[in-house]
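Asker: Here it is, the structure, as structure tokens.
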Amino acid sequence: MAKVARSASDVDKLLKYVKDNDIEIIDLRFTDIPGQWQHFSILPTELTENSFEEGVGFDGSSIRGFQAIQESDMVLIPDVEKYFLDPFTLHKTLNIICDVKDPITGESYKRDPRYIAHKAEAYLQSTGLADTAYFGPEAEFFIFDNVRFDQKINSGFYEIDSQEGFWNSGSNDGKNLGYRPRTKEGYFPVAPTDSLQDLRSEMVLTMKKVGINVEVHHHEVATGGQTEIDMRFAPLLTVADNLMTYKYITKNVAAKNNKSVTFMPKPLFGDNGSGMHVHQSLWKAGKPLFYGNGYANLSEMALYYIGGLLKHAAAICAITNPTTNSYHRLVPGFEAPVNLAYSQRNRSAAVRIPMYSKSPKAKRIEFRVPDPSTNPYLAFPALLLAGIDGIINKIDPGEPLDKDIYDLSPEELRNVPSTPGSLEDSLKALERDHEFLLRGDVFTEDLVSLWIRYKMASEVKQVALRPHPYEFMLYYDI
């Protein structure tokens with residue numbers, strides 16, 4: 001069972017940091033089942049050595065997917081290595097990422113998403129296959145200037161706007177300068193067509209202040225403010241923590257500038273949606289394991305890892321593409337890679353092998369199906385476990401498909417499987433195929449069952465009974 005190490009020296013270091021930096025507020029953060037950061041704040045005097053053993057209490061029955069009301073008492077255990085000064089608060093606030101613990105059993109809470117990530121890393125090490133799984137997510141998102149939506153018994157609507165949206169090319173409310181990227185032409189002209197350079201730079205520099213390393217930022221394909229900021233790869237748990245912080249920073253920098261960020265996969269009709277391509281590699285004793293003499297300079301292990309991803313892709317989608325809106329992006333014939341094939345350099349395949357560098361250390365695979373509405377503490381372990389299953393069972397990924405899959409005829413695509421067409425289909429696939437997630441007790445039957453019930457009840461059925469604006473209400477704030 002994965003245990004979180006908290007040495008006395010680490011605790012002393014954190015408490016000293018609070019005192020030396022005149023921290024006024026301690027903000028304790030954790031993640032609910034769908035993947036939203038939750039928090040509450042305490043005074044620094046309430047954070048003691050005991051807090052790191054006994055924890056700080058909260059009501060678990062009010063958190064989505066957690067406890068029933070008759071067993072609501074839960075505690076947060078601050079992670080002594082995961083804290084940062086909040087860049088946005090008026091009073092000097094230290095944000096600490098926490099794990100959830102059951103006060104009765106004294107054990108880590110099995111429905112805590114972050115605990116799943118802890119266990120995934122521990123399981124990988126227990127297999128002896130590798131000691132580190134590196135992940136590098138490329139999360140895309142939209143930056144809007146105005147967002148309106150409502151759903152009533154007799155009416156419903158949603159309306160979003162962006163100063164650079166091409167739909168405003170005929171606007172007459174003030175001086176219209178005309179610099180707007182047309183649909184599917186936002187990747188990536190310079191300013192003034194790209195109106196978001198300074199805002200993205202502010203986001204990146206804020207990330208740098210809290211310790212997140214960023215490789216690149218740029219406008220994305222869609223009109224209306226689609227953007228991408230790529231973090232540098234990191235071990236699984238660290239990059240999941242970073243992605244939660246990344247979302248917090250992008251949304252708050254935008255709000256400070258009177259704009260709004262959403263990671264909703266498909267907020268615009270008729271233009272590209274937001275994906276989250278996930279780069280992955282395994283290492284052992286400081287050496288990369290995915291480099292070899294096979295196709296695209298991949299090792300046998302890497303090819304088996306791809307085989308696992310492709311075999312379990314339908315079930316994985318229930319976690320990596322977890323909203324009904326996700327499947328407005330995963331539509332055959334459009335920009336999202338729905339065909340379950342692999343190929344070097346090929347962005348139309350579900351699995352791409354980047355070929356930018358010949359260095360063994362740069363060798364990795366990229367799974368292009370996920371979107372940023374996912375919970376990273378569940379998504380990254382699910383991808384890792386599928387890959388490990390491929391390695392253990394030597395799952396052959398088949399032949400690579402080095403063609404533009406979007407241009408293939410229906411006959412040519414007949415033998416190429418594709419991702420599910422709806423969240424409901426993905427959840428049914430997960431129900432049939434989740435044994436690989438239970439390895440090492442990383443996921444549990446309880447958690448998988450909870451996920452399926454929650455998504456079926458609160459999303460699929462409700463959205464099916466209501467017009468599209470209700471869906472926008474459900475998923476805009478992702």
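Identifiers for the structure tokens are assigned positionally: chains receive A, B, ... in sequence, residues are indexed from 1 per chain, and ligands are indexed from 1 in the order shown.
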Neighbours of Tyr158 (chain A) within 8 Å (only C-alpha atoms; same-chain residues fewer than 2 positions away dropped), as a compact mmCIF listing (two decimals) with N, CA and C atoms, in the first residue's frame?
Answerer:
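Ended up saving to out_13.txt:
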```txt
# COMPACT_ATOMS: atom_id res chain seq x y z
N VAL A 147 -19.43 35.32 -21.04
CA VAL A 147 -20.05 34.00 -20.99
C VAL A 147 -21.42 34.13 -20.34
N ARG A 148 -22.45 33.73 -21.06
CA ARG A 148 -23.81 33.78 -20.55
C ARG A 148 -24.50 32.44 -20.82
N PHE A 149 -25.17 31.90 -19.82
CA PHE A 149 -25.95 30.68 -20.04
C PHE A 149 -27.02 30.57 -18.98
N ASP A 150 -28.13 29.96 -19.35
CA ASP A 150 -29.23 29.77 -18.41
C ASP A 150 -30.10 28.62 -18.90
N GLY A 156 -34.02 28.15 -22.56
CA GLY A 156 -32.61 27.89 -22.28
C GLY A 156 -31.74 28.50 -23.35
N ILE A 160 -21.46 32.85 -25.80
CA ILE A 160 -20.10 33.19 -25.43
C ILE A 160 -19.54 34.17 -26.44
N PRO A 469 -28.17 23.96 -23.77
CA PRO A 469 -27.67 24.92 -22.79
C PRO A 469 -27.40 24.32 -21.42
N PHE A 472 -24.00 23.05 -21.37
CA PHE A 472 -23.03 24.13 -21.23
C PHE A 472 -22.92 24.54 -19.77
```
Asker: If we count only C-alpha atoms and set the cut-off at 6 Å, which residues sit around region 135-146 of chain A, ignoring sequence neighbours fewer than 3 positions away in its own chain? Please answer as a list in words.
Answerer: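 The residues satisfying every condition are Ile160, Asp161, Ser162, Gly225, Gln226, Thr227, Glu228, Asp230, Phe233, Ala234, Leu236, Lys259, Ser260, Val261, Thr262, Phe263, Ser274, Gly275, Met276, His277, Val278, His279, Gln280 and Pro372 of chain A.
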Asker: Kindly give the distance, in Å, that separates CA of Asp102 (chain A) and CA of Met74 (chain A), rounded to a single decimal.
Answerer: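 Answer for the CA of Asp102 (chain A) to CA of Met74 (chain A) separation: 5.4 Å.
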Asker: Looking at only C-alpha atoms, which of A:Ala314, A:Lys428, A:Gly294, A:Trp283 is the one that sits closest to Asp131 (chain A)?
Answerer: A:Trp283
Asker: If DSSP is run on the backbone, what residues of region 296-465 of chain A are strand (DSSP E or B)? A reply as a ChimeraX atom specification would be ideal.
Answerer: /A:298,339,342-344,351-353,365-367,418
Asker: Give me, as a PyMOL selection string, the residues of region 329-432 of chain A that a backbone DSSP run labels helix (DSSP H, G or I).
Answerer: chain A and resi 329+360-362+376-392+405-407+423-432
Asker: Taking only residues of region 404-468 of chain A that have an atom at most 10 Å from an atom of region 103-117 of chain A, what is each one's shortest atom pair and its distance in Å to one decimal, using only C-alpha atoms, in chain and number order, as JSON lines?
Answerer:
```
{"residue": "A:Asp441", "atom": "CA", "partner": "A:Ile116", "partner_atom": "CA", "distance": 8.9}
{"residue": "A:Val442", "atom": "CA", "partner": "A:Ile116", "partner_atom": "CA", "distance": 5.6}
{"residue": "A:Phe443", "atom": "CA", "partner": "A:Ile116", "partner_atom": "CA", "distance": 6.5}
{"residue": "A:Thr444", "atom": "CA", "partner": "A:Lys110", "partner_atom": "CA", "distance": 7.8}
{"residue": "A:Asp446", "atom": "CA", "partner": "A:Arg111", "partner_atom": "CA", "distance": 8.4}
{"residue": "A:Leu447", "atom": "CA", "partner": "A:Arg111", "partner_atom": "CA", "distance": 6.3}
{"residue": "A:Val448", "atom": "CA", "partner": "A:Arg111", "partner_atom": "CA", "distance": 9.9}
{"residue": "A:Leu450", "atom": "CA", "partner": "A:Arg111", "partner_atom": "CA", "distance": 9.2}
```
Asker: Which neighbours of Ala240 (chain A) fall inside 8 Å, counting only C-alpha atoms, when residues of the same chain fewer than 6 positions from it are skipped, and could you give them as a ChimeraX atom specification?
Answerer: /A:376-377,380
Asker: Using only C-alpha atoms for the distances, tell me which of A:Thr93, A:Ser51, A:Thr45, A:Thr31 is nearest to Thr374 (chain A).
Answerer: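 Of all the options, A:Thr31 lies closest to Thr374 (chain A).
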Asker: Could you build a table of the residues in region 313-340 of chain A lying no more than 8 Å from region 266-272 of chain A, giving for each the nearest pair of atoms and their separation in Å rounded to one decimal place, using only C-alpha atoms, ordered by chain and ascending residue number, as JSON lines?
Answerer:
```
{"residue": "A:Asn325", "atom": "CA", "partner": "A:Lys266", "partner_atom": "CA", "distance": 6.2}
{"residue": "A:Ser326", "atom": "CA", "partner": "A:Lys266", "partner_atom": "CA", "distance": 6.8}
{"residue": "A:His328", "atom": "CA", "partner": "A:Lys266", "partner_atom": "CA", "distance": 6.2}
{"residue": "A:Arg329", "atom": "CA", "partner": "A:Lys266", "partner_atom": "CA", "distance": 5.7}
{"residue": "A:Glu335", "atom": "CA", "partner": "A:Asn272", "partner_atom": "CA", "distance": 6.6}
```
Asker: If you keep all heavy atoms, can you produce a file of those selected residues as an mmCIF file, in the first residue's frame?
Answerer:
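New file again.cif:
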```
data_model
loop_
_atom_site.group_PDB
_atom_site.id
_atom_site.type_symbol
_atom_site.label_atom_id
_atom_site.label_comp_id
_atom_site.auth_asym_id
_atom_site.auth_seq_id
_atom_site.Cartn_x
_atom_site.Cartn_y
_atom_site.Cartn_z
ATOM 1 N N ASN A 325 -19.801 16.499 -23.339
ATOM 2 C CA ASN A 325 -19.228 17.468 -24.270
ATOM 3 C C ASN A 325 -17.934 16.946 -24.889
ATOM 4 O O ASN A 325 -17.582 17.325 -26.010
ATOM 5 C CB ASN A 325 -18.985 18.790 -23.538
ATOM 6 C CG ASN A 325 -18.502 19.892 -24.451
ATOM 7 O OD1 ASN A 325 -17.302 20.169 -24.516
ATOM 8 N ND2 ASN A 325 -19.421 20.526 -25.166
ATOM 9 N N SER A 326 -17.230 16.049 -24.190
ATOM 10 C CA SER A 326 -15.996 15.468 -24.727
ATOM 11 C C SER A 326 -16.234 14.807 -26.076
ATOM 12 O O SER A 326 -15.349 14.803 -26.945
ATOM 13 C CB SER A 326 -15.438 14.419 -23.758
ATOM 14 O OG SER A 326 -15.107 14.979 -22.507
ATOM 15 N N HIS A 328 -18.407 15.649 -28.358
ATOM 16 C CA HIS A 328 -18.604 16.584 -29.463
ATOM 17 C C HIS A 328 -17.259 16.906 -30.111
ATOM 18 O O HIS A 328 -17.224 17.371 -31.253
ATOM 19 C CB HIS A 328 -19.268 17.872 -28.966
ATOM 20 C CG HIS A 328 -20.642 17.667 -28.410
ATOM 21 N ND1 HIS A 328 -21.582 16.881 -29.027
ATOM 22 C CD2 HIS A 328 -21.232 18.127 -27.287
ATOM 23 C CE1 HIS A 328 -22.692 16.861 -28.311
ATOM 24 N NE2 HIS A 328 -22.503 17.616 -27.244
ATOM 25 N N ARG A 329 -16.178 16.668 -29.390
ATOM 26 C CA ARG A 329 -14.831 16.807 -29.961
ATOM 27 C C ARG A 329 -14.414 15.516 -30.640
ATOM 28 O O ARG A 329 -13.807 15.545 -31.727
ATOM 29 C CB ARG A 329 -13.824 17.172 -28.865
ATOM 30 C CG ARG A 329 -12.360 17.062 -29.304
ATOM 31 C CD ARG A 329 -11.404 17.398 -28.181
ATOM 32 N NE ARG A 329 -10.029 17.040 -28.546
ATOM 33 C CZ ARG A 329 -9.426 15.919 -28.193
ATOM 34 N NH1 ARG A 329 -10.047 15.023 -27.429
ATOM 35 N NH2 ARG A 329 -8.184 15.674 -28.570
ATOM 36 N N GLU A 335 -11.133 17.136 -36.323
ATOM 37 C CA GLU A 335 -9.735 17.325 -35.928
ATOM 38 C C GLU A 335 -9.225 16.339 -34.888
ATOM 39 O O GLU A 335 -8.033 16.078 -34.800
ATOM 40 C CB GLU A 335 -9.525 18.759 -35.407
ATOM 41 C CG GLU A 335 -9.959 19.016 -33.971
ATOM 42 C CD GLU A 335 -11.447 19.295 -33.810
ATOM 43 O OE1 GLU A 335 -12.166 19.291 -34.829
ATOM 44 O OE2 GLU A 335 -11.884 19.515 -32.671
#
```
Asker: Would you mind listing what lies within 10 Å of Gly286 (chain A) as number ranges by chain, with only C-alpha atoms counted and same-chain residues fewer than 6 positions away left out?
Answerer: A: 130-132, 361
Asker: For Lys363 (chain A), list every protein, DNA or RNA residue within 8 Å, evaluated using only C-alpha atoms, and leave out those in the same chain fewer than 5 positions away; present the list as a list of chain:residue names.
Answerer: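 The contact residues come out as A:Ser281, A:Pro288, A:Phe290, A:Tyr291, A:Asn297, A:Leu298, A:Ile353, A:Pro354, A:Met355, A:Ser357, A:Lys358.
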Asker: Write a file of the selected residues as a CSV table (one decimal), in the first residue's frame, keeping C-alpha atoms.
Answerer:
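The resulting file, part30.csv, is reproduced below:
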```
chain,number,residue,atom,x,y,z
A,281,SER,CA,7.7,7.5,-21.0
A,288,PRO,CA,15.0,5.9,-20.6
A,290,PHE,CA,11.3,3.6,-24.5
A,291,TYR,CA,14.3,4.0,-26.8
A,297,ASN,CA,13.4,4.0,-32.6
A,298,LEU,CA,11.0,2.5,-30.1
A,353,ILE,CA,5.6,9.0,-31.7
A,354,PRO,CA,7.3,12.5,-31.7
A,355,MET,CA,10.4,12.6,-33.9
A,357,SER,CA,15.0,14.6,-31.4
A,358,LYS,CA,17.3,11.6,-31.9
```
Asker: Could you pull the residues within 10 Å of region 381-394 of chain A, counting only C-alpha atoms, minus those fewer than 5 positions along the same chain, as a PyMOL selection string?
Answerer: chain A and resi 113+116-121+123-124+127+129-130+133-135+236-237+240+278+280-282+300-313+315-317+319-320+367+376+434-440+442-443
Asker: Which one is closest to Tyr246 (chain A): A:Trp37, A:Ser348, A:Tyr327, A:Asp198? Count only C-alpha atoms.
Answerer: A:Trp37
Asker: In terms of the shortest atom-to-atom distance over only C-alpha atoms, which of A:Arg182, A:Lys284, A:Arg453, A:His468 is closest to Gln125 (chain A)?
Answerer: A:Lys284
Asker: Mind giving me the straight-line distance from CA of Leu205 (chain A) to CA of Arg364 (chain A) in Å, one decimal?
Answerer: 27.0 Å
